[in-house]
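Asks: So here's input03.txt, just compact mmCIF, C-alpha atoms:
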# COMPACT_ATOMS: atom_id res chain seq x y z
CA MET A 1 0.00 0.00 0.00
CA ALA A 2 1.50 3.31 -1.05
CA THR A 3 1.91 5.99 1.59
CA ALA A 4 -0.16 9.09 0.84
CA ARG A 5 1.28 12.59 0.90
CA ARG A 6 0.00 14.23 4.06
CA THR A 7 -2.47 17.07 3.53
CA ARG A 8 -3.32 19.46 6.35
CA LEU A 9 -6.93 18.92 7.39
CA ARG A 10 -9.07 20.23 10.21
CA PRO A 11 -9.51 17.69 13.04
CA GLU A 12 -13.03 16.65 12.04
CA GLU A 13 -12.00 16.36 8.40
CA ARG A 14 -9.04 14.19 9.35
CA ARG A 15 -11.19 11.99 11.56
CA ASN A 16 -13.74 11.56 8.78
CA GLN A 17 -10.95 10.73 6.33
CA LEU A 18 -9.57 8.01 8.58
CA VAL A 19 -12.99 6.43 9.05
CA ALA A 20 -13.68 6.58 5.30
CA LEU A 21 -10.37 4.86 4.60
CA GLY A 22 -11.30 2.19 7.10
CA VAL A 23 -14.65 1.57 5.44
CA ALA A 24 -12.92 1.36 2.05
CA THR A 25 -10.61 -1.39 3.32
CA LEU A 26 -13.65 -3.59 4.02
CA ALA A 27 -13.80 -4.17 0.27
CA ASP A 28 -10.60 -6.22 0.61
CA ARG A 29 -10.65 -7.77 4.08
CA PRO A 30 -12.78 -8.36 7.17
CA LEU A 31 -12.99 -5.77 9.91
CA ALA A 32 -10.76 -7.78 12.25
CA ASP A 33 -7.88 -7.45 9.75
CA VAL A 34 -8.06 -3.66 9.47
CA THR A 35 -5.06 -2.23 11.33
CA VAL A 36 -4.16 1.18 12.68
CA GLU A 37 -0.86 1.01 10.85
CA GLU A 38 -2.36 0.58 7.37
CA ILE A 39 -4.93 3.32 7.90
CA ALA A 40 -2.23 5.68 9.11
CA ALA A 41 -0.02 4.83 6.11
CA GLU A 42 -2.88 5.31 3.67
CA ALA A 43 -3.68 8.73 5.16
CA GLY A 44 -0.03 9.71 5.39
CA VAL A 45 -0.18 10.33 9.15
CA SER A 46 1.42 8.79 12.20
CA THR A 47 -0.14 5.87 14.04
CA GLY A 48 -0.14 8.12 17.10
CA LEU A 49 -2.59 10.46 15.40
CA VAL A 50 -4.96 7.58 14.68
CA TYR A 51 -4.79 6.54 18.31
CA TYR A 52 -5.38 10.16 19.31
CA TYR A 53 -8.69 10.21 17.42
CA PHE A 54 -9.94 6.71 18.25
CA GLY A 55 -8.08 5.62 21.38
CA SER A 56 -7.40 2.08 20.20
CA LYS A 57 -7.80 -0.29 17.27
CA ASN A 58 -11.19 -1.28 18.67
CA GLY A 59 -12.21 2.37 18.79
CA LEU A 60 -11.31 2.71 15.12
CA HIS A 61 -13.26 -0.46 14.29
CA HIS A 62 -16.33 0.87 16.11
CA GLU A 63 -16.36 4.02 13.99
CA ILE A 64 -15.79 2.06 10.78
CA VAL A 65 -18.77 -0.18 11.54
CA ARG A 66 -20.97 2.81 12.43
CA ARG A 67 -20.08 4.54 9.16
CA ALA A 68 -20.75 1.39 7.12
CA ARG A 69 -24.07 0.87 8.92
CA ASP A 70 -25.14 4.46 8.37
CA SER A 71 -24.21 4.24 4.68
CA MET A 72 -26.36 1.14 4.21
CA LEU A 73 -29.33 2.59 6.10
CA HIS A 74 -29.09 5.87 4.21
CA ALA A 75 -28.92 4.10 0.84
CA SER A 76 -32.14 2.21 1.64
CA GLU A 77 -33.98 5.00 3.47
CA PRO A 78 -37.75 4.52 3.00
CA GLN A 79 -39.52 7.11 0.84
CA PRO A 80 -42.45 8.26 2.99
CA GLU A 81 -44.31 9.79 0.07
CA LEU A 82 -44.90 6.34 -1.46
CA PRO A 83 -47.82 4.06 -0.53
CA PRO A 84 -46.66 1.34 1.89
CA ALA A 85 -46.40 -1.59 -0.54
CA GLU A 86 -44.56 0.53 -3.11
CA ARG A 87 -42.33 1.91 -0.37
CA LEU A 88 -41.33 -1.63 0.59
CA VAL A 89 -40.36 -2.50 -2.98
CA SER A 90 -38.46 0.78 -3.33
CA THR A 91 -36.56 0.17 -0.10
CA LEU A 92 -35.69 -3.41 -1.06
CA THR A 93 -34.65 -2.34 -4.55
CA ARG A 94 -32.20 0.21 -3.20
CA LEU A 95 -30.92 -2.19 -0.55
CA VAL A 96 -30.20 -4.82 -3.19
CA ALA A 97 -28.44 -2.19 -5.32
CA TYR A 98 -26.32 -1.19 -2.32
CA VAL A 99 -25.30 -4.80 -1.63
CA LYS A 100 -24.39 -5.42 -5.27
CA GLU A 101 -22.25 -2.26 -5.33
CA HIS A 102 -20.70 -2.69 -1.88
CA GLY A 103 -20.83 -6.45 -1.42
CA PRO A 104 -17.70 -7.00 0.68
CA THR A 105 -18.59 -4.08 2.94
CA PHE A 106 -22.09 -5.47 3.48
CA TYR A 107 -20.64 -8.91 4.15
CA SER A 108 -18.26 -7.49 6.74
CA LEU A 109 -21.10 -5.57 8.32
CA VAL A 110 -23.35 -8.63 8.60
CA ARG A 111 -20.55 -10.83 9.85
CA GLY A 112 -19.71 -8.20 12.46
CA ALA A 113 -22.64 -9.57 14.45
CA ALA A 114 -20.43 -12.52 15.32
CA SER A 115 -17.67 -10.25 16.58
CA GLY A 116 -16.29 -10.76 20.05
CA ASP A 117 -16.52 -6.99 20.49
CA GLU A 118 -19.73 -6.10 22.29
CA GLU A 119 -19.90 -2.58 20.87
CA VAL A 120 -19.52 -3.82 17.28
CA ARG A 121 -22.33 -6.29 17.88
CA ALA A 122 -24.48 -3.49 19.32
CA VAL A 123 -23.98 -1.38 16.17
CA ILE A 124 -25.06 -4.30 13.96
CA GLU A 125 -28.05 -5.05 16.15
CA ASP A 126 -29.11 -1.42 15.90
CA ALA A 127 -29.10 -1.72 12.11
CA ARG A 128 -31.24 -4.85 12.35
CA ARG A 129 -33.63 -3.09 14.72
CA GLN A 130 -34.04 -0.21 12.27
CA GLN A 131 -34.63 -2.58 9.35
CA THR A 132 -37.21 -4.43 11.45
CA GLU A 133 -39.02 -1.20 12.29
CA ARG A 134 -39.07 -0.19 8.62
CA ALA A 135 -40.73 -3.46 7.61
CA LEU A 136 -43.14 -3.31 10.54
CA ALA A 137 -44.20 0.21 9.60
CA VAL A 138 -45.22 -1.03 6.15
CA LEU A 139 -47.18 -3.97 7.57
CA LEU A 140 -49.00 -1.87 10.15
CA GLU A 141 -49.97 0.69 7.51
CA LEU A 142 -51.35 -2.17 5.44
CA GLY A 143 -53.53 -3.20 8.36
CA VAL A 144 -51.65 -6.16 9.84
CA PRO A 145 -52.36 -6.27 13.60
CA GLU A 146 -49.33 -5.46 15.73
CA THR A 147 -48.51 -8.38 18.01
CA GLU A 148 -45.44 -9.68 19.76
CA LEU A 149 -45.41 -12.64 17.38
CA LEU A 150 -45.42 -10.30 14.37
CA ARG A 151 -42.35 -8.52 15.74
CA VAL A 152 -40.58 -11.82 16.29
CA ALA A 153 -41.48 -12.92 12.77
CA VAL A 154 -40.30 -9.72 11.10
CA ARG A 155 -37.05 -9.76 13.08
CA SER A 156 -36.47 -13.32 11.85
CA TRP A 157 -37.19 -12.16 8.29
CA VAL A 158 -34.47 -9.51 8.61
CA ALA A 159 -31.99 -12.28 9.42
CA LEU A 160 -33.24 -14.31 6.44
CA ALA A 161 -32.97 -11.24 4.21
CA GLU A 162 -29.38 -10.65 5.28
CA GLN A 163 -28.37 -14.16 4.29
CA ALA A 164 -30.27 -13.92 1.01
CA LEU A 165 -28.49 -10.65 0.24
CA VAL A 166 -25.11 -12.22 0.99
CA ASP A 167 -25.82 -15.32 -1.12
CA GLY A 168 -27.83 -13.69 -3.89
CA GLY A 169 -26.35 -10.21 -4.03
CA ILE A 170 -22.62 -10.99 -3.89
CA ASN A 171 -20.98 -13.03 -6.68
CA SER A 172 -24.36 -14.26 -7.90
CA ASP A 173 -26.08 -14.26 -11.27
CA LEU A 174 -29.46 -13.39 -9.76
CA THR A 175 -30.93 -10.20 -11.15
CA ASP A 176 -32.01 -7.33 -8.92
CA GLU A 177 -35.63 -8.06 -9.81
CA GLU A 178 -35.35 -11.72 -8.82
CA LEU A 179 -33.80 -10.89 -5.47
CA VAL A 180 -36.20 -8.05 -4.68
CA GLY A 181 -39.15 -10.26 -5.61
CA TYR A 182 -37.92 -13.03 -3.37
CA LEU A 183 -37.45 -10.68 -0.41
CA GLU A 184 -40.92 -9.22 -0.87
CA ARG A 185 -42.57 -12.64 -1.17
CA SER A 186 -40.64 -14.04 1.78
CA LEU A 187 -41.89 -11.19 3.95
CA GLY A 188 -45.38 -12.06 2.77
CA GLY A 189 -44.77 -15.65 3.78
CA VAL A 190 -43.66 -14.56 7.24
CA VAL A 191 -46.82 -12.48 7.61
CA ALA A 192 -48.92 -15.47 6.53
CA ALA A 193 -47.36 -17.55 9.28
CA VAL A 194 -48.61 -14.99 11.81
CA VAL A 195 -51.91 -13.96 10.18
CA PRO A 196 -53.09 -16.70 7.77
CA GLY A 197 -54.38 -15.26 4.52
CA ALA A 198 -52.96 -11.79 5.10
CA SER A 199 -50.05 -12.14 2.69
CA GLU A 200 -52.27 -12.66 -0.35
CA ALA A 201 -54.43 -9.68 0.54
CA LEU A 202 -51.40 -7.46 1.15
CA PHE A 203 -48.79 -8.62 -1.36
CA GLY A 204 -50.60 -11.02 -3.68
CA VAL A 205 -48.60 -13.91 -2.18
CA PRO A 206 -50.81 -17.04 -1.93
CA SER A 207 -50.85 -18.62 1.52
CA THR A 208 -50.79 -22.36 2.04
CA LEU A 209 -51.55 -22.01 5.71
Can you give me the file's structure in the form of structure tokens?
Replies:
Amino acid sequence: MATARRTRLRPEERRNQLVALGVATLADRPLADVTVEEIAAEAGVSTGLVYYYFGSKNGLHHEIVRRARDSMLHASEPQPELPPAERLVSTLTRLVAYVKEHGPTFYSLVRGAASGDEEVRAVIEDARRQQTERALAVLLELGVPETELLRVAVRSWVALAEQALVDGGINSDLTDEELVGYLERSLGGVVAAVVPGASEALFGVPSTL
């Protein structure tokens, strides 16, 4: 890795640069392999400066994961002006596009849930919570009764969707339309398991229950 020529930046600009470089490295390696030394070399600064901003390698990793999470959530931000069913498709379409463009980063983000670092796991769980709430908002607007079982079901669908995005969105020949359609129908299937018959009324997904 070539050492960059150091450019004078304001503290917040430098901090943002270091985090951005860390996120970029996720395209080549897992989070655990991202080191302070390589980020410092890429930015053309001393390792001491990286430690000054983040305190430790773990502190740097926490900020990298937060930035990657925020990027994913921003890329798939629901469009409130759309009707709920259309909003779901729009959100899924943009999420699939994000995964196909930033596959290794998404993979690192999802696999961060297995990290031994509690704070990294908390960041990933927050992303899953937000994705769960987004899907629930659509279902509630469509008239599905809010129950504890529905929340459990939608949270389990988020986990299923993550694996489908890893398998079908990274190094796969599946088209965006195929993957989006599967994610939409699988959510309908989850709803049908909670409220039999609801998925066909809401999404046009026949229920066998």
Asks: Under the rule that only C-alpha atoms are counted, which of A:Val50, A:Leu109, A:Val195, A:Val152 is the nearest residue to Arg129 (chain A)?
Replies: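 Closest residue, counting only C-alpha atoms: A:Val152.
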Asks: What is the distance, in Å and to one decimal place, between CA of Arg155 (chain A) and CA of Ala97 (chain A)?
Replies: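 Between these atoms lies a distance of 21.7 Å.
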Asks: For the point (-28.5, -6.0, -6.1) in the file's frame, write as a PyMOL selection string all residues with an atom no more than 10 Å away, counting all atoms listed in the file.
Replies: chain A and resi 92-103+165+168-170+172+174-180
Asks: Considering only C-alpha atoms, state which residue in the set A:Leu88, A:Glu133, A:Ala164, A:Arg69 is at the smallest distance from Arg121 (chain A).
Replies: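 Selected residue with least distance to Arg121 (chain A): A:Arg69.
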Asks: With only C-alpha atoms as the atoms that count, which of A:Val110, A:Asn16, A:Met72, A:Thr25 lies nearest to Val166 (chain A)?
Replies: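 For Val166 (chain A), the nearest of the candidates is A:Val110.
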Asks: From the set A:Pro11, A:Pro104, A:Pro78, A:Gly48, which residue has the shortest atom-to-atom contact distance to Arg29 (chain A), counting all atoms listed in the file?
Replies: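 Of all the options, A:Pro104 lies closest to Arg29 (chain A).
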Asks: Kindly indicate which residue among A:Asp117, A:Arg134, A:Arg128, A:Ala68 lies nearest to Ala159 (chain A), using all atoms listed in the file for the distances.
Replies: A:Arg128
Asks: Given only C-alpha atoms as the basis, pick out the residue of A:Leu140, A:Val120, A:Ala43, A:Ala153 nearest to Ala20 (chain A).
Replies: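 Nearest to Ala20 (chain A): A:Ala43.
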Asks: Which value, in Å to one decimal, gives the distance between CA of Pro145 (chain A) and CA of Glu125 (chain A)?
Replies: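 About the pair CA of Pro145 (chain A) and CA of Glu125 (chain A): they are 24.5 Å apart.
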Asks: For the atom pair CA of Glu81 (chain A) and CA of Gly181 (chain A), what is the interatomic distance in Å to one decimal place?
Replies: 21.5 Å
Asks: Neighbours of Tyr52 (chain A) within 12 Å (all atoms listed in the file; same-chain residues fewer than 3 positions away dropped), as a ChimeraX atom specification?
Replies: /A:11,14-15,18,36,40,45-49,55-57,59-60
Asks: With the input short on atoms, add N, CA and C atoms back to region 58-91 of chain A and write it as a PDB file, keeping the file's coordinate frame.
Replies:
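Generated output (selection29.pdb):
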ATOM      1  N   ASN A  58      -9.759  -1.017  18.511  1.00  0.00           N
ATOM      2  CA  ASN A  58     -11.190  -1.280  18.670  1.00  0.00           C
ATOM      3  C   ASN A  58     -12.011  -0.011  18.467  1.00  0.00           C
ATOM      4  N   GLY A  59     -11.498   1.106  18.983  1.00  0.00           N
ATOM      5  CA  GLY A  59     -12.210   2.370  18.790  1.00  0.00           C
ATOM      6  C   GLY A  59     -12.325   2.732  17.325  1.00  0.00           C
ATOM      7  N   LEU A  60     -11.267   2.489  16.563  1.00  0.00           N
ATOM      8  CA  LEU A  60     -11.310   2.710  15.120  1.00  0.00           C
ATOM      9  C   LEU A  60     -12.329   1.783  14.470  1.00  0.00           C
ATOM     10  N   HIS A  61     -12.315   0.515  14.849  1.00  0.00           N
ATOM     11  CA  HIS A  61     -13.260  -0.460  14.290  1.00  0.00           C
ATOM     12  C   HIS A  61     -14.707  -0.052  14.578  1.00  0.00           C
ATOM     13  N   HIS A  62     -14.962   0.460  15.776  1.00  0.00           N
ATOM     14  CA  HIS A  62     -16.330   0.870  16.110  1.00  0.00           C
ATOM     15  C   HIS A  62     -16.816   1.950  15.152  1.00  0.00           C
ATOM     16  N   GLU A  63     -15.957   2.927  14.874  1.00  0.00           N
ATOM     17  CA  GLU A  63     -16.360   4.020  13.990  1.00  0.00           C
ATOM     18  C   GLU A  63     -16.509   3.548  12.546  1.00  0.00           C
ATOM     19  N   ILE A  64     -15.668   2.614  12.129  1.00  0.00           N
ATOM     20  CA  ILE A  64     -15.790   2.060  10.780  1.00  0.00           C
ATOM     21  C   ILE A  64     -17.133   1.357  10.617  1.00  0.00           C
ATOM     22  N   VAL A  65     -17.502   0.549  11.607  1.00  0.00           N
ATOM     23  CA  VAL A  65     -18.770  -0.180  11.540  1.00  0.00           C
ATOM     24  C   VAL A  65     -19.946   0.793  11.556  1.00  0.00           C
ATOM     25  N   ARG A  66     -19.875   1.818  12.395  1.00  0.00           N
ATOM     26  CA  ARG A  66     -20.970   2.810  12.430  1.00  0.00           C
ATOM     27  C   ARG A  66     -21.126   3.491  11.076  1.00  0.00           C
ATOM     28  N   ARG A  67     -20.008   3.858  10.458  1.00  0.00           N
ATOM     29  CA  ARG A  67     -20.080   4.540   9.160  1.00  0.00           C
ATOM     30  C   ARG A  67     -20.658   3.611   8.100  1.00  0.00           C
ATOM     31  N   ALA A  68     -20.233   2.354   8.097  1.00  0.00           N
ATOM     32  CA  ALA A  68     -20.750   1.390   7.120  1.00  0.00           C
ATOM     33  C   ALA A  68     -22.248   1.164   7.349  1.00  0.00           C
ATOM     34  N   ARG A  69     -22.641   1.032   8.605  1.00  0.00           N
ATOM     35  CA  ARG A  69     -24.070   0.870   8.920  1.00  0.00           C
ATOM     36  C   ARG A  69     -24.882   2.061   8.443  1.00  0.00           C
ATOM     37  N   ASP A  70     -24.402   3.257   8.752  1.00  0.00           N
ATOM     38  CA  ASP A  70     -25.140   4.460   8.370  1.00  0.00           C
ATOM     39  C   ASP A  70     -25.252   4.585   6.849  1.00  0.00           C
ATOM     40  N   SER A  71     -24.194   4.189   6.144  1.00  0.00           N
ATOM     41  CA  SER A  71     -24.210   4.240   4.680  1.00  0.00           C
ATOM     42  C   SER A  71     -25.280   3.310   4.122  1.00  0.00           C
ATOM     43  N   MET A  72     -25.355   2.099   4.668  1.00  0.00           N
ATOM     44  CA  MET A  72     -26.360   1.140   4.210  1.00  0.00           C
ATOM     45  C   MET A  72     -27.774   1.639   4.505  1.00  0.00           C
ATOM     46  N   LEU A  73     -27.985   2.131   5.724  1.00  0.00           N
ATOM     47  CA  LEU A  73     -29.330   2.590   6.100  1.00  0.00           C
ATOM     48  C   LEU A  73     -29.728   3.811   5.281  1.00  0.00           C
ATOM     49  N   HIS A  74     -28.783   4.691   5.012  1.00  0.00           N
ATOM     50  CA  HIS A  74     -29.090   5.870   4.210  1.00  0.00           C
ATOM     51  C   HIS A  74     -29.432   5.479   2.773  1.00  0.00           C
ATOM     52  N   ALA A  75     -28.683   4.522   2.221  1.00  0.00           N
ATOM     53  CA  ALA A  75     -28.920   4.100   0.840  1.00  0.00           C
ATOM     54  C   ALA A  75     -30.303   3.485   0.665  1.00  0.00           C
ATOM     55  N   SER A  76     -30.836   2.883   1.731  1.00  0.00           N
ATOM     56  CA  SER A  76     -32.140   2.210   1.640  1.00  0.00           C
ATOM     57  C   SER A  76     -33.214   2.935   2.449  1.00  0.00           C
ATOM     58  N   GLU A  77     -33.013   4.214   2.688  1.00  0.00           N
ATOM     59  CA  GLU A  77     -33.980   5.000   3.470  1.00  0.00           C
ATOM     60  C   GLU A  77     -35.361   4.943   2.816  1.00  0.00           C
ATOM     61  N   PRO A  78     -36.400   4.579   3.570  1.00  0.00           N
ATOM     62  CA  PRO A  78     -37.750   4.520   3.000  1.00  0.00           C
ATOM     63  C   PRO A  78     -38.193   5.891   2.484  1.00  0.00           C
ATOM     64  N   GLN A  79     -38.976   5.876   1.415  1.00  0.00           N
ATOM     65  CA  GLN A  79     -39.520   7.110   0.840  1.00  0.00           C
ATOM     66  C   GLN A  79     -40.951   7.287   1.337  1.00  0.00           C
ATOM     67  N   PRO A  80     -41.143   8.163   2.323  1.00  0.00           N
ATOM     68  CA  PRO A  80     -42.450   8.260   2.990  1.00  0.00           C
ATOM     69  C   PRO A  80     -43.588   8.705   2.095  1.00  0.00           C
ATOM     70  N   GLU A  81     -43.259   9.325   0.960  1.00  0.00           N
ATOM     71  CA  GLU A  81     -44.310   9.790   0.070  1.00  0.00           C
ATOM     72  C   GLU A  81     -44.968   8.658  -0.711  1.00  0.00           C
ATOM     73  N   LEU A  82     -44.351   7.474  -0.714  1.00  0.00           N
ATOM     74  CA  LEU A  82     -44.900   6.340  -1.460  1.00  0.00           C
ATOM     75  C   LEU A  82     -45.920   5.576  -0.616  1.00  0.00           C
ATOM     76  N   PRO A  83     -46.921   4.970  -1.261  1.00  0.00           N
ATOM     77  CA  PRO A  83     -47.820   4.060  -0.530  1.00  0.00           C
ATOM     78  C   PRO A  83     -47.005   2.923   0.076  1.00  0.00           C
ATOM     79  N   PRO A  84     -47.488   2.307   1.150  1.00  0.00           N
ATOM     80  CA  PRO A  84     -46.660   1.340   1.890  1.00  0.00           C
ATOM     81  C   PRO A  84     -46.099   0.191   1.067  1.00  0.00           C
ATOM     82  N   ALA A  85     -46.907  -0.457   0.232  1.00  0.00           N
ATOM     83  CA  ALA A  85     -46.400  -1.590  -0.540  1.00  0.00           C
ATOM     84  C   ALA A  85     -45.332  -1.143  -1.536  1.00  0.00           C
ATOM     85  N   GLU A  86     -45.544  -0.004  -2.176  1.00  0.00           N
ATOM     86  CA  GLU A  86     -44.560   0.530  -3.110  1.00  0.00           C
ATOM     87  C   GLU A  86     -43.294   0.962  -2.367  1.00  0.00           C
ATOM     88  N   ARG A  87     -43.472   1.489  -1.173  1.00  0.00           N
ATOM     89  CA  ARG A  87     -42.330   1.910  -0.370  1.00  0.00           C
ATOM     90  C   ARG A  87     -41.447   0.716  -0.024  1.00  0.00           C
ATOM     91  N   LEU A  88     -42.094  -0.417   0.288  1.00  0.00           N
ATOM     92  CA  LEU A  88     -41.330  -1.630   0.590  1.00  0.00           C
ATOM     93  C   LEU A  88     -40.487  -2.044  -0.603  1.00  0.00           C
ATOM     94  N   VAL A  89     -41.096  -2.092  -1.771  1.00  0.00           N
ATOM     95  CA  VAL A  89     -40.360  -2.500  -2.980  1.00  0.00           C
ATOM     96  C   VAL A  89     -39.224  -1.523  -3.267  1.00  0.00           C
ATOM     97  N   SER A  90     -39.491  -0.234  -3.101  1.00  0.00           N
ATOM     98  CA  SER A  90     -38.460   0.780  -3.330  1.00  0.00           C
ATOM     99  C   SER A  90     -37.298   0.595  -2.364  1.00  0.00           C
ATOM    100  N   THR A  91     -37.612   0.365  -1.105  1.00  0.00           N
ATOM    101  CA  THR A  91     -36.560   0.170  -0.100  1.00  0.00           C
ATOM    102  C   THR A  91     -35.739  -1.068  -0.406  1.00  0.00           C
TER     103      THR A  91
END
